[in-house]
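Peer 1: Just upload-v3.txt, nothing more (compact mmCIF, C-alpha atoms):
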# COMPACT_ATOMS: atom_id res chain seq x y z
CA MET K 83 145.29 121.07 -31.92
CA PRO K 84 146.53 122.30 -35.34
CA LEU K 85 147.76 125.87 -35.71
CA SER K 86 144.73 126.77 -37.83
CA ASP K 87 142.42 125.67 -35.00
CA HIS K 88 144.33 127.76 -32.44
CA LEU K 89 144.00 130.81 -34.70
CA LEU K 90 140.32 130.12 -35.36
CA LEU K 91 139.62 129.70 -31.64
CA GLY K 92 141.26 133.04 -30.88
CA LEU K 93 139.41 134.83 -33.67
CA LEU K 94 136.03 133.38 -32.70
CA ALA K 95 136.51 134.27 -29.04
CA LEU K 96 137.47 137.87 -29.86
CA LEU K 97 134.53 138.36 -32.23
CA LEU K 98 132.01 136.70 -29.91
CA GLU K 99 133.05 138.83 -26.94
CA ALA K 100 133.05 142.02 -29.01
CA ALA K 101 129.54 141.25 -30.24
CA CYS K 102 127.95 139.92 -27.04
CA GLY K 103 130.14 140.75 -24.06
CA TYR K 104 129.11 138.85 -20.95
CA PRO K 105 125.30 138.99 -20.72
CA ASP K 106 123.90 140.47 -17.50
CA LEU K 107 121.34 137.68 -17.27
CA LEU K 108 124.07 135.06 -17.34
CA PHE K 109 125.99 136.95 -14.66
CA ARG K 110 122.93 137.03 -12.42
CA ILE K 111 122.31 133.30 -12.88
CA ILE K 112 125.82 131.81 -12.64
CA ARG K 113 128.01 134.85 -11.89
CA HIS K 114 131.32 135.00 -13.80
CA PRO K 115 134.36 132.68 -13.97
CA VAL K 116 136.52 135.38 -12.38
CA VAL K 117 134.10 135.48 -9.43
CA TRP K 118 134.57 131.73 -8.97
CA ILE K 119 138.34 132.10 -9.24
CA GLY K 120 138.22 134.91 -6.67
CA ALA K 121 136.22 132.75 -4.28
CA LEU K 122 138.87 130.02 -4.46
CA ILE K 123 141.64 132.56 -3.87
CA SER K 124 139.80 133.92 -0.83
CA LEU K 125 139.41 130.41 0.58
CA LEU K 126 143.10 129.65 0.07
CA GLU K 127 144.12 132.97 1.59
CA ARG K 128 142.06 132.39 4.73
CA SER K 129 143.56 128.92 5.09
CA LEU K 130 147.21 129.67 4.35
CA ASN K 131 147.88 133.28 5.34
CA HIS K 132 148.08 133.50 9.12
CA THR K 133 149.48 136.62 10.79
CA ALA K 134 151.11 134.52 13.49
CA TRP K 135 153.33 132.79 10.91
CA SER K 136 156.80 134.05 10.01
CA PHE K 137 157.50 135.92 6.77
CA PHE K 138 159.06 132.77 5.28
CA TRP K 139 156.08 130.54 6.02
CA ARG K 140 153.58 133.14 4.82
CA ARG K 141 155.49 133.40 1.54
CA ALA K 142 155.55 129.58 1.32
CA GLY K 143 151.80 129.57 1.96
CA GLY K 144 151.35 132.01 -0.94
CA VAL K 145 153.39 129.79 -3.25
CA LEU K 146 151.30 126.76 -2.23
CA ALA K 147 148.06 128.69 -2.71
CA LEU K 148 149.11 129.74 -6.19
CA LEU K 149 150.05 126.19 -7.12
CA VAL K 150 146.70 124.85 -5.93
CA LEU K 151 144.89 127.60 -7.83
CA LEU K 152 146.75 126.82 -11.06
CA VAL K 153 146.26 123.07 -10.77
CA VAL K 154 142.51 123.50 -10.20
CA CYS K 155 141.96 126.08 -12.95
CA GLY K 156 144.29 124.41 -15.43
CA GLY K 157 142.76 121.00 -14.74
CA ILE K 158 139.21 122.25 -15.20
CA GLY K 159 140.15 124.07 -18.39
CA PHE K 160 141.93 121.02 -19.80
CA ALA K 161 139.06 118.65 -18.98
CA ILE K 162 136.44 120.94 -20.54
CA SER K 163 138.50 121.55 -23.66
CA GLN K 164 139.10 117.83 -24.20
CA ILE K 165 135.37 117.14 -23.93
CA LEU K 166 134.45 119.98 -26.28
CA ARG K 167 137.06 119.10 -28.89
CA ALA K 168 135.52 115.62 -29.15
CA LEU K 169 132.19 117.17 -30.16
CA PRO K 170 131.20 118.34 -33.66
CA TYR K 171 131.81 122.10 -33.82
CA GLY K 172 133.06 121.96 -30.24
CA ILE K 173 135.47 124.78 -31.06
CA LEU K 174 132.48 127.13 -31.11
CA LEU K 175 131.57 126.14 -27.56
CA GLU K 176 135.19 126.49 -26.45
CA ALA K 177 135.32 129.96 -27.99
CA ALA K 178 132.05 130.88 -26.24
CA LEU K 179 133.54 129.90 -22.87
CA ALA K 180 136.88 131.56 -23.57
CA CYS K 181 135.28 134.84 -24.66
CA SER K 182 133.93 135.35 -21.13
CA LEU K 183 137.55 135.91 -20.04
CA LEU K 184 138.16 138.76 -22.51
CA ALA K 185 137.20 142.35 -21.77
CA GLN K 186 137.02 144.21 -25.09
CA GLN K 187 133.42 145.38 -24.75
CA SER K 188 133.32 146.11 -21.03
CA LEU K 189 136.62 148.01 -21.12
CA GLY K 190 135.45 150.33 -23.88
CA ARG K 191 132.09 150.85 -22.17
CA HIS K 192 133.57 151.78 -18.79
CA VAL K 193 136.10 154.20 -20.27
CA ALA K 194 133.47 155.81 -22.50
CA ALA K 195 131.36 156.37 -19.37
CA VAL K 196 134.10 158.65 -18.01
CA ALA K 197 134.07 160.78 -21.16
CA LEU K 198 130.27 160.94 -21.03
CA GLY K 199 130.37 161.90 -17.37
CA LEU K 200 132.75 164.78 -18.01
CA GLU K 201 130.70 165.93 -21.00
CA THR K 202 127.29 165.84 -19.35
CA GLY K 203 127.86 166.09 -15.60
CA GLY K 204 131.17 167.87 -15.26
CA LEU K 205 133.96 166.99 -12.86
CA ALA K 206 131.76 165.32 -10.21
CA ALA K 207 130.26 162.90 -12.74
CA GLY K 208 133.68 162.23 -14.24
CA ARG K 209 135.12 161.44 -10.82
CA GLU K 210 132.26 159.05 -10.10
CA ALA K 211 132.72 157.23 -13.41
CA VAL K 212 136.50 156.97 -13.16
CA SER K 213 136.25 155.60 -9.60
CA GLN K 214 134.77 152.43 -11.16
CA ILE K 215 137.95 151.66 -13.11
CA VAL K 216 140.93 153.03 -11.14
CA GLY K 217 142.18 152.60 -7.60
CA ARG K 218 143.41 156.15 -7.00
CA ASP K 219 141.49 158.70 -4.92
CA PRO K 220 139.04 160.32 -7.40
CA GLN K 221 138.43 163.35 -5.16
CA SER K 222 142.06 164.36 -5.60
CA LEU K 223 141.70 164.53 -9.40
CA ASP K 224 140.90 167.60 -11.44
CA GLN K 225 139.39 167.26 -14.93
CA ALA K 226 142.77 166.59 -16.55
CA GLY K 227 143.55 164.01 -13.85
CA VAL K 228 140.24 162.23 -14.42
CA ALA K 229 140.81 162.13 -18.18
CA ARG K 230 144.40 160.91 -17.83
CA ALA K 231 143.31 158.23 -15.33
CA ALA K 232 140.70 156.92 -17.78
CA ILE K 233 143.20 156.88 -20.66
CA GLU K 234 145.86 155.16 -18.53
CA SER K 235 143.30 152.55 -17.46
CA LEU K 236 142.33 151.97 -21.09
CA ALA K 237 145.97 151.48 -22.11
CA GLU K 238 146.86 149.18 -19.22
CA ASN K 239 143.69 147.12 -19.42
CA PHE K 240 143.98 146.80 -23.18
CA SER K 241 147.16 144.89 -22.37
CA ASP K 242 146.09 142.75 -19.42
CA GLY K 243 142.34 142.54 -20.13
CA VAL K 244 142.42 141.90 -23.88
CA VAL K 245 145.83 141.21 -25.40
CA ALA K 246 147.25 139.06 -22.59
CA PRO K 247 144.27 136.69 -22.23
CA PHE K 248 144.05 136.48 -26.02
CA PHE K 249 147.79 135.70 -26.22
CA TRP K 250 147.52 132.84 -23.73
CA LEU K 251 144.32 131.57 -25.37
CA LEU K 252 146.18 131.45 -28.67
CA LEU K 253 149.04 129.49 -27.10
CA GLY K 254 147.15 127.21 -24.74
CA GLY K 255 143.49 127.19 -25.67
CA LEU K 256 140.92 127.26 -22.87
CA PRO K 257 143.41 125.98 -20.23
CA GLY K 258 145.84 128.74 -21.22
CA ILE K 259 143.38 131.60 -20.82
CA LEU K 260 142.02 130.16 -17.56
CA LEU K 261 145.53 129.90 -16.12
CA TYR K 262 146.24 133.48 -17.13
CA LYS K 263 143.04 134.81 -15.55
CA ALA K 264 143.77 132.84 -12.38
CA ILE K 265 147.21 134.47 -12.09
CA ASN K 266 145.91 137.93 -12.96
CA THR K 267 143.04 137.68 -10.46
CA ALA K 268 145.39 136.44 -7.75
CA ASP K 269 147.66 139.41 -8.35
CA SER K 270 144.76 141.86 -8.14
CA MET K 271 143.53 140.31 -4.89
CA ILE K 272 146.70 139.45 -2.98
CA GLY K 273 149.64 140.83 -4.97
CA HIS K 274 149.93 143.99 -2.86
CA LYS K 275 152.74 145.31 -0.68
CA SER K 276 150.50 145.77 2.34
CA PRO K 277 151.53 144.09 5.62
CA ARG K 278 148.96 141.34 5.09
CA TYR K 279 149.98 140.45 1.54
CA LEU K 280 153.65 141.42 1.21
CA ALA K 281 154.80 137.85 1.87
CA PHE K 282 151.71 135.85 0.90
CA GLY K 283 151.15 137.64 -2.41
CA TRP K 284 154.79 137.64 -3.51
CA ALA K 285 154.50 134.64 -5.86
CA ALA K 286 151.27 135.88 -7.47
CA ALA K 287 152.77 139.33 -8.13
CA ARG K 288 156.00 137.97 -9.61
CA ILE K 289 154.29 135.47 -11.92
CA ASP K 290 151.75 138.07 -13.03
CA ASP K 291 154.62 140.32 -14.09
CA LEU K 292 156.08 137.43 -16.09
CA VAL K 293 152.91 136.32 -17.90
CA ASN K 294 152.00 139.91 -18.82
CA LEU K 295 155.40 140.71 -20.29
CA PRO K 296 154.71 139.56 -23.90
CA ALA K 297 151.30 141.24 -24.08
CA SER K 298 152.50 144.59 -22.77
CA ARG K 299 155.05 144.82 -25.58
CA LEU K 300 152.53 143.61 -28.16
CA SER K 301 149.99 146.16 -26.93
CA ALA K 302 152.53 148.95 -27.33
CA LEU K 303 153.29 147.74 -30.84
CA LEU K 304 149.60 147.69 -31.81
CA LEU K 305 149.06 151.19 -30.42
CA SER K 306 152.10 152.54 -32.22
CA LEU K 307 150.99 150.94 -35.50
CA VAL K 308 147.58 152.64 -35.48
CA ALA K 309 148.85 155.98 -34.17
CA PRO K 310 149.53 158.89 -36.51
CA GLY K 311 153.17 159.82 -36.95
CA ARG K 312 156.43 157.99 -37.25
CA LEU K 313 156.72 154.50 -35.83
CA VAL K 314 160.45 154.76 -35.14
CA ALA K 315 160.05 158.05 -33.26
CA ALA K 316 157.23 156.58 -31.18
CA TRP K 317 159.34 153.60 -30.19
CA ARG K 318 162.20 155.83 -29.13
CA VAL K 319 159.87 157.38 -26.55
CA ILE K 320 158.42 154.00 -25.53
CA TRP K 321 161.89 152.49 -25.03
CA ARG K 322 162.96 155.53 -23.04
CA ASP K 323 159.92 155.88 -20.77
CA ALA K 324 158.44 152.40 -20.27
CA PRO K 325 161.36 151.05 -18.17
CA ARG K 326 160.99 154.05 -15.81
CA HIS K 327 157.44 153.05 -14.84
CA ARG K 328 157.06 151.40 -11.42
CA SER K 329 155.36 148.46 -13.18
CA PRO K 330 157.52 146.34 -15.51
CA ASN K 331 154.58 146.08 -17.92
CA ALA K 332 152.09 148.94 -17.56
CA GLY K 333 154.55 151.54 -18.85
CA TRP K 334 154.65 150.01 -22.33
CA PRO K 335 151.03 150.55 -23.40
CA GLU K 336 150.82 153.78 -21.37
CA ALA K 337 153.88 155.26 -23.09
CA ALA K 338 152.56 154.15 -26.48
CA MET K 339 149.14 155.69 -25.80
CA ALA K 340 150.72 158.91 -24.51
CA GLN K 341 152.85 159.27 -27.61
CA ALA K 342 149.93 158.49 -29.92
CA LEU K 343 147.74 161.17 -28.32
CA GLY K 344 150.42 163.79 -27.74
CA LEU K 345 149.92 163.55 -23.96
CA ARG K 346 151.92 162.92 -20.83
CA LEU K 347 150.48 160.07 -18.79
CA ALA K 348 151.23 158.45 -15.41
CA GLY K 349 153.36 160.76 -13.26
CA PRO K 350 152.72 161.37 -9.53
CA ARG K 351 149.38 159.96 -8.35
CA ARG K 352 147.51 159.61 -5.07
CA TYR K 353 146.42 156.18 -3.75
CA ALA K 354 144.67 155.88 -0.37
CA GLY K 355 145.98 159.26 0.68
CA GLU K 356 149.59 158.56 -0.32
CA ILE K 357 151.45 160.07 -3.27
CA VAL K 358 153.07 157.55 -5.64
CA ALA K 359 155.89 159.36 -7.45
CA ASP K 360 155.77 157.57 -10.79
CA ALA K 361 157.60 158.75 -13.89
CA TRP K 362 155.84 160.59 -16.70
CA MET K 363 155.19 158.68 -19.92
CA GLY K 364 155.46 160.65 -23.17
CA ASP K 365 156.54 164.15 -24.17
CA GLY K 366 153.13 165.76 -24.69
CA ARG K 367 150.83 167.98 -22.68
CA PRO K 368 149.52 166.98 -19.22
CA GLU K 369 146.18 168.69 -19.87
CA ALA K 370 143.52 166.27 -21.08
CA GLY K 371 139.75 166.15 -21.36
CA ALA K 372 136.80 164.17 -22.64
CA ALA K 373 137.91 164.68 -26.25
CA ASP K 374 141.21 162.96 -25.47
CA ILE K 375 139.36 160.01 -23.94
CA ARG K 376 137.29 159.75 -27.13
CA ALA K 377 140.49 159.86 -29.20
CA ALA K 378 142.01 157.11 -27.05
CA LEU K 379 138.90 154.98 -27.57
CA ARG K 380 139.21 155.44 -31.34
CA LEU K 381 142.79 154.19 -31.15
CA TYR K 382 141.60 151.28 -29.01
CA ARG K 383 138.97 150.28 -31.58
CA GLN K 384 141.54 150.55 -34.37
CA CYS K 385 143.86 148.24 -32.43
CA LEU K 386 141.05 145.71 -32.09
CA LEU K 387 140.35 145.87 -35.83
CA LEU K 388 144.05 145.40 -36.53
CA LEU K 389 144.16 142.42 -34.17
CA TRP K 390 141.05 140.80 -35.69
CA SER K 391 142.15 141.35 -39.29
CA GLY K 392 145.70 140.15 -38.63
CA LEU K 393 144.36 137.02 -36.98
CA ALA K 394 141.95 136.38 -39.86
CA VAL K 395 144.79 136.69 -42.38
CA ALA K 396 147.00 134.38 -40.33
CA TRP K 397 144.18 131.83 -40.11
CA GLY K 398 143.63 131.96 -43.86
CA LEU K 399 147.34 131.50 -44.52
CA SER K 400 147.48 128.56 -42.11
CA LEU K 401 144.74 126.83 -44.07
CA ALA K 402 146.48 127.45 -47.37
CA LEU K 403 149.86 126.10 -46.23
Do you think you could lay out the structure here as C-alpha cells?
Peer 2:
Amino acid sequence: MPLSDHLLLGLLALLLEAACGYPDLLFRIIRHPVVWIGALISLLERSLNHTAWSFFWRRAGGVLALLVLLVVCGGIGFAISQILRALPYGILLEAALACSLLAQQSLGRHVAAVALGLETGGLAAGREAVSQIVGRDPQSLDQAGVARAAIESLAENFSDGVVAPFFWLLLGGLPGILLYKAINTADSMIGHKSPRYLAFGWAAARIDDLVNLPASRLSALLLSLVAPGRLVAAWRVIWRDAPRHRSPNAGWPEAAMAQALGLRLAGPRRYAGEIVADAWMGDGRPEAGAADIRAALRLYRQCLLLLWSGLAVAWGLSLAL
C-alpha cells in the first residue's frame, strides 16, 4: 500500500472514531473486537497455564499462547484487509473497522465524568467515577488523589489507547493495529506479577513494553508541544523523571502532562491494599481538582488536533511528491 494510502487510512480512522466512537447498539449486537480477543486469551490461559506445571513450562505456555494469539489476530487482520483493498473505496471500510480499536472519544468521556463527579457530587461521586478507569483503591483517595488519578489515566491512555494503536495502524494497516491490541489486551489480562501470571504472563508483559515504547515518547512530545512554556525546559523534566517510573513507558506521558499542568503526578499509590512507592513526575503542586482535570482534557484535545492536522499535511505532501 502506498505511503499516501497509509496516511489516509490513519487519518480516516482517527476522524471516524472521534466523530462516532463505538456505537452502543453495535456493542450490544456483536460486542467489541477487544472482547473477542479477550475471550481467546482466556481460552488459551485455561489451556496452557496449569498450576501443577513448573515455572519454566508455565512461561513456555505463555509464550505459546501469545504466538497463537498473534497468528490468529494478524491472520484475520491480513485476510480482511486484502479483501477490502480489492474493493472500490475499500479503504473506507478498513478505516471503519480500524477505528473501533482507537479510544479517543471514550477516553475523554470517562475522564470528563470524574471532573463532573467532583463538581456535582463531591468526593464520593468522584471516587465512583475514577474507579471506572483506574485500578487503585478509590476509597483511599482524597479529592486531590482522585483528580491526579484521572489525569494520570488520561496521560497513560492517550499513549496506549490512542497514539500506540494509531502508530501501528499507520505502519501495518488493519493487521498492525489488531496485533497491537492483541498484545495490549494480553498484557492487561495476564501481564501481572501475581503468582498465577508471573510466569505465564511474562512474554505478554515484555512485548507490550516494547510495542508501546515509540508511542509513549511520541505522546510526551505531543503534550509538550501543546503545553504553555518552554519546550526545552519541559523535556529536561521529562528526561529526568520518566526513567524513574516503575513502567518503562507510562512515565513519559505522565511527566509531560505533569509539567504542562504545573502538577506532580504518580508518586506513592495504593493498589489492593498495598502501597506502590512510585516516583513523583514533575516539579509542580500535588494538590489537584476538577479544574485541573478540565485543563488536562483541553491539552488532550489540542494533542488530537495537532495529530489530525499533522497527518492531513503529511498526506497532502505525499500526494504532491
Peer 1: Between CA of Val245 (chain K) and CA of Leu93 (chain K), measure the distance and give it in Å to one decimal.
Peer 2: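 So the answer is 12.3 Å.
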Peer 1: Using only C-alpha atoms, what does the table of region 266-321 of chain K residues within 10 Å of region 355-374 of chain K look like, with each row giving the shortest atom pair and its distance in Å to one decimal, sorted by chain and ascending number, as a Markdown table?
Peer 2:
| residue | atom | partner | partner_atom | distance |
| --- | --- | --- | --- | --- |
| K:Ala316 | CA | K:Gly364 | CA | 9.2 |
| K:Val319 | CA | K:Gly364 | CA | 6.4 |
| K:Ile320 | CA | K:Gly364 | CA | 7.7 |
Peer 1: Restricting the calculation to all atoms listed in the file: of K:Ala237, K:Leu280, K:Val153, K:Leu97, which residue gets closest to Thr133 (chain K)?
Peer 2: K:Leu280
Peer 1: Determine the nearest neighbour of Phe248 (chain K) from the options K:Leu183, K:Ile375, K:Val216, K:Ala207, counting only C-alpha atoms.
Peer 2: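 Looking at the shortest contact to Phe248 (chain K), the residue is K:Leu183.
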Peer 1: Expressed in Å to a single decimal, how great is the separation between CA of Pro335 (chain K) and CA of Arg299 (chain K)?
Peer 2: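 Computing it gives 7.3 Å between the two atoms.
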Peer 1: Could you check the closest approach to Val116 (chain K) for each of K:Ala226, K:Leu300, K:Leu252, K:Ala268 and tell me which residue wins, using only C-alpha atoms?
Peer 2: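 Closest candidate: K:Ala268.
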Peer 1: Can you tell me, as a VMD selection string, what residues are no more than 8 Å from Arg140 (chain K) when counting all atoms listed in the file, ignoring any on the same chain fewer than 4 positions away?
Peer 2: chain K and resid 130 to 132 135 to 136 144 281 to 282
Peer 1: Using CA of Leu381 (chain K) and CA of Val308 (chain K) as the two end points, give the distance in Å to one decimal.
Peer 2: 6.6 Å
Peer 1: Report as a ChimeraX atom specification all protein, DNA and RNA residues lying within 9 Å of Ala161 (chain K), evaluated on all atoms listed in the file, omitting residues in the same chain fewer than 5 positions from it.
Peer 2: /K:156,166,257
Peer 1: Restricting the calculation to all atoms listed in the file, which member of K:Gly258, K:Pro247, K:Gly143, K:Gly199 is positioned closest to Gly157 (chain K)?
Peer 2: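 Closest to Gly157 (chain K) of all the choices is K:Gly258.
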Peer 1: Could you tell me which of K:Gln221, K:Gln214, K:Ser163, K:Ser391 comes closest to Leu256 (chain K) if we count only C-alpha atoms?
Peer 2: K:Ser163
Peer 1: For Leu91 (chain K), list every protein, DNA or RNA residue within 8 Å, evaluated using only C-alpha atoms, and leave out those in the same chain fewer than 4 positions away; present the list as a PyMOL selection string.
Peer 2: chain K and resi 87+95+173-174+176-177+252+255
Peer 1: Using only C-alpha atoms, which residues sit within 6 Å of region 192-196 of chain K once same-chain residues fewer than 5 positions away are excluded, as an MDAnalysis selection string?
Peer 2: chainID K and resid 208 211:212 232
Peer 1: Padding of 8 Å on every side, edges along x, y and z, all listed atoms of region 289-306 of chain K included: what centre and edge lengths in Å, to one decimal, does that box have, as JSON?
Peer 2:
{"center_x": 152.6, "center_y": 144.0, "center_z": -22.1, "size_x": 23.0, "size_y": 33.1, "size_z": 36.3}
